[in-house]
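**Q** Here it is, the structure, as structure tokens.
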Amino acid sequence: MGTFDNEHVRLYYEEQGSGFPILLIAPGGMRSSVGFWQGTPWNPMEHLSDHYRVIAMDQRNAGQSSGPISGSDGWHTYRDDQLALLDHLGVDRFHVAGMCIGGPYIMGLIEGAPERVASAVVFQTIGLDNNRDAFYQMFDDWAKDLKESHPEMSEDDWSSFRANMYDGDKFLFNVGDDFVSAVQTPLLVLLGSDLYHPESSSRELAHLAPNATLVEDWISSAHHEAAKRAVASFLGEHTP
């Protein structure tokens with residue numbers, strides 16, 4: 001475990017294993033942090049560290065990470081943090097696996113540095129499907145805990161930041177159909193099935209991306225071993 005100070009941003013991260021690097025982006029919405037992996041169907045930190053250099057991180061202002069906030073923040077802010085951490089750790093190319101909010105974060109990495117992402121595993125991505133108010137509420141609950149320590153942020157600033165994250169009509173919030181249809185990065189998409197992780201978003205991602213494979217059954221214990229094998233096989237196939 002360690003911290004990386006990048007100007008006024010402090011990013012907490014943990015590493016396990018060795019080999020080709022894989023960045024893990026945890027679930028938890030705006031609170032995305034390493035500890036949330038403990039509550040998932042299986043923990044990829046433990047599952048993958050026998051064969052890969054697993055790098056897991058707390059996103060800015062989640063868990064043990066911190067940083068400034070402004071009304072101009074958005075998906076790009078987190079992408080820049082993720083790439084800065086990988087640069088600090090001497091990582092050029094990497095796999096990335098993300099759950100929940102990790103779906104859009106993964107697509108942001110592919111958009112910003114496509115040559116660096118060898119492949120991506122997308123566990124039950126969040127997405128837009130008649131559920132915008134749920135994301136507004138999730139953002140507001142997170143922001144409420146930070147407002148006292150960020151008096152420089154006006155209510156208009158908080159509203160602007162929230163809009164940058166969750167307004168618009170792109171089905172993954174930061175990217176839409178045209179971008180996903182052009183993505184050449186190999187994707188393994190594990191199906192979502194609830195309010196924040198609608199099935200439609202996973203299916204649309206798997207349908208549009210040219211090199212995507214959909215795994216429908218993975219959450220229940222009866223499917224864990226098969227899903228783990230699918231993830232391991234996919235990553236092994238696309239490891240340089």
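Labels used: A, B, ... for chains in the order of the structure tokens, numbers from 1 for residues in each chain, and numbers from 1 for ligands as shown.
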Would you list, as a count of residues only, the residues of range 44-175 of chain A that end up in helix (DSSP H, G or I) under DSSP run on this structure's backbone?
**A** 58
**Q** So which residues touch Pro44 in chain A within 9 Å, counting only C-alpha atoms, skipping near sequence neighbours fewer than 3 positions away, as an MDAnalysis selection string?
**A** chainID A and resid 24 37 40 47:49 54 97 228
**Q** How would the residues just picked look written out with N, CA and C atoms as a PDB file, in the first residue's frame?
**A**
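The result, written out as selection-v6.pdb:
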ATOM      1  N   LEU A  24      -7.223  -1.889 -11.087  1.00  0.00           N
ATOM      2  CA  LEU A  24      -8.568  -2.189 -10.618  1.00  0.00           C
ATOM      3  C   LEU A  24      -9.267  -0.904 -10.198  1.00  0.00           C
ATOM      4  N   TRP A  37     -14.091  -3.777  -2.778  1.00  0.00           N
ATOM      5  CA  TRP A  37     -13.893  -5.081  -3.410  1.00  0.00           C
ATOM      6  C   TRP A  37     -14.243  -6.222  -2.464  1.00  0.00           C
ATOM      7  N   THR A  40     -17.819  -7.686  -3.051  1.00  0.00           N
ATOM      8  CA  THR A  40     -18.221  -8.108  -4.393  1.00  0.00           C
ATOM      9  C   THR A  40     -18.317  -9.630  -4.472  1.00  0.00           C
ATOM     10  N   HIS A  47      -8.008 -12.853  -6.706  1.00  0.00           N
ATOM     11  CA  HIS A  47      -8.120 -13.801  -7.811  1.00  0.00           C
ATOM     12  C   HIS A  47      -7.011 -13.618  -8.851  1.00  0.00           C
ATOM     13  N   LEU A  48      -6.565 -12.384  -9.063  1.00  0.00           N
ATOM     14  CA  LEU A  48      -5.644 -12.105 -10.169  1.00  0.00           C
ATOM     15  C   LEU A  48      -4.191 -11.935  -9.750  1.00  0.00           C
ATOM     16  N   SER A  49      -3.933 -11.771  -8.462  1.00  0.00           N
ATOM     17  CA  SER A  49      -2.578 -11.410  -8.043  1.00  0.00           C
ATOM     18  C   SER A  49      -1.568 -12.553  -8.188  1.00  0.00           C
ATOM     19  N   VAL A  54      -1.304  -6.418  -9.649  1.00  0.00           N
ATOM     20  CA  VAL A  54      -2.618  -5.830  -9.437  1.00  0.00           C
ATOM     21  C   VAL A  54      -2.469  -4.505  -8.689  1.00  0.00           C
ATOM     22  N   ALA A  97      -9.656  -3.423 -15.001  1.00  0.00           N
ATOM     23  CA  ALA A  97     -10.909  -4.069 -14.627  1.00  0.00           C
ATOM     24  C   ALA A  97     -11.639  -3.146 -13.674  1.00  0.00           C
ATOM     25  N   LYS A 228     -14.868 -16.736 -13.146  1.00  0.00           N
ATOM     26  CA  LYS A 228     -13.450 -16.511 -12.870  1.00  0.00           C
ATOM     27  C   LYS A 228     -12.586 -17.069 -13.992  1.00  0.00           C
TER      28      LYS A 228
END
**Q** For His224 in chain A, which residue among A:Ala182, A:Leu190, A:Val175, A:Leu128 is the nearest when counting only C-alpha atoms?
**A**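 Using only C-alpha atoms, His224 in chain A sits closest to A:Leu190.
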**Q** Env of Ala163 in chain A: 12 Å cut, atoms = only C-alpha atoms, seq-sep filter 2 positions within chain, self excluded. Answer as a PDB file with N, CA and C atoms, in the first residue's frame.
**A**
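Written output follows (out-v1.pdb):
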ATOM      1  N   GLY A  71     -16.021  23.252  -9.907  1.00  0.00           N
ATOM      2  CA  GLY A  71     -17.196  23.090 -10.738  1.00  0.00           C
ATOM      3  C   GLY A  71     -16.895  22.588 -12.135  1.00  0.00           C
ATOM      4  N   SER A  72     -15.635  22.622 -12.532  1.00  0.00           N
ATOM      5  CA  SER A  72     -15.254  22.125 -13.857  1.00  0.00           C
ATOM      6  C   SER A  72     -14.814  20.661 -13.829  1.00  0.00           C
ATOM      7  N   ASP A  73     -14.818  20.030 -12.648  1.00  0.00           N
ATOM      8  CA  ASP A  73     -14.438  18.621 -12.550  1.00  0.00           C
ATOM      9  C   ASP A  73     -15.448  17.751 -13.284  1.00  0.00           C
ATOM     10  N   GLY A  74     -14.986  16.579 -13.689  1.00  0.00           N
ATOM     11  CA  GLY A  74     -15.851  15.623 -14.367  1.00  0.00           C
ATOM     12  C   GLY A  74     -15.094  14.328 -14.571  1.00  0.00           C
ATOM     13  N   TRP A  75     -15.567  13.514 -15.514  1.00  0.00           N
ATOM     14  CA  TRP A  75     -14.938  12.210 -15.753  1.00  0.00           C
ATOM     15  C   TRP A  75     -13.462  12.342 -16.073  1.00  0.00           C
ATOM     16  N   ARG A 132     -31.726   8.614 -13.777  1.00  0.00           N
ATOM     17  CA  ARG A 132     -30.827   9.733 -13.521  1.00  0.00           C
ATOM     18  C   ARG A 132     -30.956  10.262 -12.083  1.00  0.00           C
ATOM     19  N   ASP A 133     -32.186  10.291 -11.567  1.00  0.00           N
ATOM     20  CA  ASP A 133     -32.373  10.814 -10.220  1.00  0.00           C
ATOM     21  C   ASP A 133     -31.609  10.002  -9.187  1.00  0.00           C
ATOM     22  N   PHE A 135     -28.690   8.680  -9.584  1.00  0.00           N
ATOM     23  CA  PHE A 135     -27.298   9.133  -9.628  1.00  0.00           C
ATOM     24  C   PHE A 135     -27.149  10.529  -9.034  1.00  0.00           C
ATOM     25  N   TYR A 136     -28.121  11.379  -9.253  1.00  0.00           N
ATOM     26  CA  TYR A 136     -28.106  12.683  -8.588  1.00  0.00           C
ATOM     27  C   TYR A 136     -28.066  12.504  -7.068  1.00  0.00           C
ATOM     28  N   PHE A 139     -24.681  11.231  -5.876  1.00  0.00           N
ATOM     29  CA  PHE A 139     -23.694  12.307  -5.900  1.00  0.00           C
ATOM     30  C   PHE A 139     -23.927  13.253  -4.726  1.00  0.00           C
ATOM     31  N   ASP A 140     -25.175  13.636  -4.486  1.00  0.00           N
ATOM     32  CA  ASP A 140     -25.479  14.591  -3.426  1.00  0.00           C
ATOM     33  C   ASP A 140     -25.130  14.033  -2.048  1.00  0.00           C
ATOM     34  N   ASP A 156     -23.651  26.382  -6.811  1.00  0.00           N
ATOM     35  CA  ASP A 156     -23.590  26.333  -8.275  1.00  0.00           C
ATOM     36  C   ASP A 156     -22.425  25.460  -8.745  1.00  0.00           C
ATOM     37  N   ASP A 157     -21.299  25.545  -8.026  1.00  0.00           N
ATOM     38  CA  ASP A 157     -20.147  24.705  -8.379  1.00  0.00           C
ATOM     39  C   ASP A 157     -20.482  23.224  -8.217  1.00  0.00           C
ATOM     40  N   TRP A 158     -21.125  22.875  -7.100  1.00  0.00           N
ATOM     41  CA  TRP A 158     -21.501  21.477  -6.894  1.00  0.00           C
ATOM     42  C   TRP A 158     -22.474  21.011  -7.982  1.00  0.00           C
ATOM     43  N   SER A 159     -23.407  21.869  -8.342  1.00  0.00           N
ATOM     44  CA  SER A 159     -24.366  21.512  -9.387  1.00  0.00           C
ATOM     45  C   SER A 159     -23.680  21.316 -10.733  1.00  0.00           C
ATOM     46  N   SER A 160     -22.686  22.160 -11.011  1.00  0.00           N
ATOM     47  CA  SER A 160     -21.956  22.042 -12.267  1.00  0.00           C
ATOM     48  C   SER A 160     -21.158  20.742 -12.313  1.00  0.00           C
ATOM     49  N   PHE A 161     -20.497  20.400 -11.220  1.00  0.00           N
ATOM     50  CA  PHE A 161     -19.736  19.153 -11.144  1.00  0.00           C
ATOM     51  C   PHE A 161     -20.680  17.966 -11.355  1.00  0.00           C
ATOM     52  N   MET A 165     -20.856  15.062 -14.532  1.00  0.00           N
ATOM     53  CA  MET A 165     -20.807  13.616 -14.348  1.00  0.00           C
ATOM     54  C   MET A 165     -22.051  12.921 -14.910  1.00  0.00           C
ATOM     55  N   TYR A 166     -23.245  13.463 -14.640  1.00  0.00           N
ATOM     56  CA  TYR A 166     -24.461  12.666 -14.823  1.00  0.00           C
ATOM     57  C   TYR A 166     -25.546  13.302 -15.688  1.00  0.00           C
ATOM     58  N   ASP A 167     -25.298  14.455 -16.289  1.00  0.00           N
ATOM     59  CA  ASP A 167     -26.243  15.005 -17.245  1.00  0.00           C
ATOM     60  C   ASP A 167     -25.951  14.446 -18.644  1.00  0.00           C
ATOM     61  N   GLY A 168     -26.690  14.924 -19.627  1.00  0.00           N
ATOM     62  CA  GLY A 168     -26.479  14.479 -20.989  1.00  0.00           C
ATOM     63  C   GLY A 168     -27.238  13.195 -21.278  1.00  0.00           C
ATOM     64  N   ASP A 169     -27.101  12.696 -22.514  1.00  0.00           N
ATOM     65  CA  ASP A 169     -27.870  11.531 -22.931  1.00  0.00           C
ATOM     66  C   ASP A 169     -26.994  10.352 -23.341  1.00  0.00           C
ATOM     67  N   PHE A 173     -22.811   7.756 -19.677  1.00  0.00           N
ATOM     68  CA  PHE A 173     -22.604   9.082 -19.101  1.00  0.00           C
ATOM     69  C   PHE A 173     -21.455   9.837 -19.753  1.00  0.00           C
ATOM     70  N   ASN A 174     -20.255   9.239 -19.857  1.00  0.00           N
ATOM     71  CA  ASN A 174     -19.136   9.967 -20.465  1.00  0.00           C
ATOM     72  C   ASN A 174     -18.905   9.598 -21.922  1.00  0.00           C
TER      73      ASN A 174
END
**Q** For Asn164 in chain A, which residue out of A:Ser181, A:Gln64, A:Gln16, A:Ser70 is the nearest one, using only C-alpha atoms?
**A**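 Checking each of A:Ser181, A:Gln64, A:Gln16, A:Ser70 against Asn164 in chain A, counting only C-alpha atoms, the winner is A:Ser70.
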**Q** Which residues are near His238 in chain A? Cut-off 12 Å, only C-alpha atoms, ignore same chain within fewer than 4 positions. Put them as a list in words.
**A**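 Residues meeting the cut-off are Phe20, Ile22, Arg93, Phe94, His95, Val96, Val117, Ala118, Ser119, Ala120, Val121, Thr185, Pro186, Leu187, Leu188, Asn211, Val231, Ala232, Ser233 and Phe234 of chain A.
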**Q** With distances taken over only C-alpha atoms, which of A:Leu23, A:Ile69, A:Leu172, A:Ala206 is nearest to Asp129 in chain A?
**A**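 Going through A:Leu23, A:Ile69, A:Leu172, A:Ala206 one by one, the smallest distance to Asp129 in chain A is for A:Leu172.
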**Q** With only C-alpha atoms as the counted atoms, please give the residues lying no more than 10 Å from Leu89 in chain A, apart from itself and same-chain residues fewer than 5 positions off, as a PyMOL selection string.
**A** chain A and resi 4+55+83-84
**Q** Hey, can you spit out that residue selection with N, CA and C atoms as a short mmCIF file (atom, residue, chain, number, x, y, z; two decimals), in the first residue's frame?
**A**
data_model
loop_
_atom_site.label_atom_id
_atom_site.label_comp_id
_atom_site.auth_asym_id
_atom_site.auth_seq_id
_atom_site.Cartn_x
_atom_site.Cartn_y
_atom_site.Cartn_z
N PHE A 4 0.41 8.43 -3.42
CA PHE A 4 1.08 9.20 -4.47
C PHE A 4 0.57 10.62 -4.40
N ILE A 55 -3.00 -3.45 -9.27
CA ILE A 55 -2.93 -2.10 -8.70
C ILE A 55 -4.36 -1.64 -8.46
N LEU A 83 -4.25 7.86 -14.77
CA LEU A 83 -3.06 7.80 -15.62
C LEU A 83 -1.84 8.34 -14.90
N ALA A 84 -2.01 9.37 -14.08
CA ALA A 84 -0.89 9.91 -13.32
C ALA A 84 -0.34 8.88 -12.34
#
**Q** Residues at most 12 Å from Ser220 in chain A, counting only C-alpha atoms, excluding those fewer than 4 positions away in the same chain, as a VMD selection string?
**A** chain A and resid 40 to 42 191 216 224 to 227
**Q** Produce a file of the selected residues containing N, CA and C atoms, as a compact mmCIF listing (two decimals), in the first residue's frame.
**A**
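Once everything was written out, this is result_35.txt:
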# COMPACT_ATOMS: atom_id res chain seq x y z
N THR A 40 -17.82 -7.69 -3.05
CA THR A 40 -18.22 -8.11 -4.39
C THR A 40 -18.32 -9.63 -4.47
N PRO A 41 -18.96 -10.18 -5.52
CA PRO A 41 -19.12 -11.64 -5.62
C PRO A 41 -17.81 -12.39 -5.46
N TRP A 42 -16.74 -11.86 -6.02
CA TRP A 42 -15.40 -12.34 -5.68
C TRP A 42 -14.43 -11.19 -5.85
N LEU A 191 -22.62 -8.83 -17.04
CA LEU A 191 -23.94 -8.21 -17.09
C LEU A 191 -24.36 -7.60 -15.76
N GLU A 216 -23.21 -13.35 -19.16
CA GLU A 216 -24.50 -13.05 -18.54
C GLU A 216 -24.59 -13.55 -17.10
N HIS A 224 -19.70 -18.59 -10.09
CA HIS A 224 -18.45 -17.91 -9.78
C HIS A 224 -17.25 -18.55 -10.46
N GLU A 225 -17.10 -19.84 -10.35
CA GLU A 225 -15.90 -20.48 -10.88
C GLU A 225 -15.82 -20.34 -12.39
N ALA A 226 -16.95 -20.51 -13.08
CA ALA A 226 -16.95 -20.36 -14.54
C ALA A 226 -16.61 -18.93 -14.93
N ALA A 227 -17.15 -17.97 -14.19
CA ALA A 227 -16.88 -16.57 -14.51
C ALA A 227 -15.41 -16.23 -14.24
**Q** I'd like the neighbourhood of Asp81 in chain A as a VMD selection string, where a residue qualifies if any of its atoms comes within 10 Å (using only C-alpha atoms), though same-chain residues fewer than 6 positions away should be ignored.
**A** chain A and resid 6 9 to 11 59 to 60 87
